[in-house]
Amino acid sequence: MGSNTRPCAACRFSDRPCAWAAEPPPGDARLGEQLYAQKNCNLCHSLGGISGPLADLGGSLDNLAERRDMAWLRRYLCNPAATLSGAQMPLPDLNPAEIEDVGAFLLSR
């Protein structure tokens, strides 16, 4: 990380320099789609007409770009409860590059 890095005040990576102190490279939506499946996000969310048994809890991710932007997704996927009051989503097991990829995928849907 360069000299312009800073700790993230609101995320779980606060013990090290912020992964997003500078504009990160864009995520790869194809990798994000694979991660969405591998991490079983569809258990608690619906997307493209496919929903899991807890989809009412997690809600729809269709047309997410109409409601959220990448900056918000970074914060949320880093620490859901600190970003959205009442969030019940467990802390995702994603590193900063994976967050970019999942975000690119979700915002493309």
# chains A, B, ... in the order shown; residues from 1 in each chain; ligands from 1
call {"tool": "residues_around", "arguments": {"residues": "region 51-59 of chain A", "least_positions_apart": "3", "cutoff": "9 Å", "atoms": "only C-alpha atoms", "output": "PDB file with N, CA and C atoms, in the first residue's frame"}}
result
ATOM      1  N   CYS A  41     -24.647 -17.355  -1.442  1.00  0.00           N
ATOM      2  CA  CYS A  41     -25.419 -16.129  -1.217  1.00  0.00           C
ATOM      3  C   CYS A  41     -26.889 -16.323  -1.550  1.00  0.00           C
ATOM      4  N   ASN A  42     -27.157 -17.264  -2.474  1.00  0.00           N
ATOM      5  CA  ASN A  42     -28.543 -17.495  -2.894  1.00  0.00           C
ATOM      6  C   ASN A  42     -29.381 -18.160  -1.806  1.00  0.00           C
ATOM      7  N   LEU A  43     -28.786 -18.599  -0.726  1.00  0.00           N
ATOM      8  CA  LEU A  43     -29.585 -19.158   0.368  1.00  0.00           C
ATOM      9  C   LEU A  43     -30.462 -18.086   1.008  1.00  0.00           C
ATOM     10  N   CYS A  44     -29.935 -16.871   1.089  1.00  0.00           N
ATOM     11  CA  CYS A  44     -30.646 -15.787   1.780  1.00  0.00           C
ATOM     12  C   CYS A  44     -31.053 -14.647   0.861  1.00  0.00           C
ATOM     13  N   HIS A  45     -30.772 -14.751  -0.412  1.00  0.00           N
ATOM     14  CA  HIS A  45     -31.104 -13.689  -1.369  1.00  0.00           C
ATOM     15  C   HIS A  45     -31.745 -14.288  -2.602  1.00  0.00           C
ATOM     16  N   SER A  46     -32.479 -13.456  -3.316  1.00  0.00           N
ATOM     17  CA  SER A  46     -32.979 -13.852  -4.634  1.00  0.00           C
ATOM     18  C   SER A  46     -32.289 -12.981  -5.675  1.00  0.00           C
ATOM     19  N   LEU A  47     -32.064 -13.578  -6.820  1.00  0.00           N
ATOM     20  CA  LEU A  47     -31.404 -12.867  -7.915  1.00  0.00           C
ATOM     21  C   LEU A  47     -31.791 -13.565  -9.217  1.00  0.00           C
ATOM     22  N   GLY A  48     -32.329 -12.799 -10.126  1.00  0.00           N
ATOM     23  CA  GLY A  48     -32.687 -13.364 -11.425  1.00  0.00           C
ATOM     24  C   GLY A  48     -33.720 -14.469 -11.350  1.00  0.00           C
ATOM     25  N   GLN A  88     -28.970  -8.293   9.267  1.00  0.00           N
ATOM     26  CA  GLN A  88     -28.820  -9.624   9.848  1.00  0.00           C
ATOM     27  C   GLN A  88     -27.831 -10.478   9.077  1.00  0.00           C
ATOM     28  N   MET A  89     -27.259  -9.925   8.029  1.00  0.00           N
ATOM     29  CA  MET A  89     -26.319 -10.683   7.209  1.00  0.00           C
ATOM     30  C   MET A  89     -25.059 -10.982   8.013  1.00  0.00           C
TER      31      MET A  89
END
call {"tool": "closest_residue", "arguments": {"among": "A:Leu61, A:Ala29, A:Ile50, A:Leu77", "to": "Asp93 (chain A)", "atoms": "only C-alpha atoms"}}
result
A:Leu77
call {"tool": "select_by_dssp", "arguments": {"residues": "region 29-79 of chain A", "states": "helix (DSSP H, G or I)", "output": "PyMOL selection string"}}
result
chain A and resi 29-38+41-43+55-58+64-66+70-78
call {"tool": "atom_distance", "arguments": {"atom1": "CA of Gly32 (chain A)", "atom2": "CA of Ala104 (chain A)"}}
result
6.7 Å
call {"tool": "closest_residue", "arguments": {"among": "A:Leu107, A:Pro25, A:Ile99, A:Leu31", "to": "Glu66 (chain A)", "atoms": "only C-alpha atoms"}}
result
A:Leu107
call {"tool": "decode", "arguments": {"residues": "region 27-38 of chain A", "atoms": "C-alpha atoms", "output": "tab-separated table (two decimals), in the first residue's frame"}}
result
chain	number	residue	atom	x	y	z
A	27	GLY	CA	-13.94	-6.03	-10.05
A	28	ASP	CA	-14.50	-8.94	-12.38
A	29	ALA	CA	-18.22	-9.72	-12.62
A	30	ARG	CA	-17.53	-13.26	-13.85
A	31	LEU	CA	-15.46	-14.01	-10.76
A	32	GLY	CA	-18.11	-12.29	-8.65
A	33	GLU	CA	-20.78	-14.58	-10.06
A	34	GLN	CA	-18.65	-17.60	-9.14
A	35	LEU	CA	-18.12	-16.25	-5.62
A	36	TYR	CA	-21.86	-15.57	-5.25
A	37	ALA	CA	-22.47	-19.26	-5.95
A	38	GLN	CA	-19.51	-20.56	-3.91
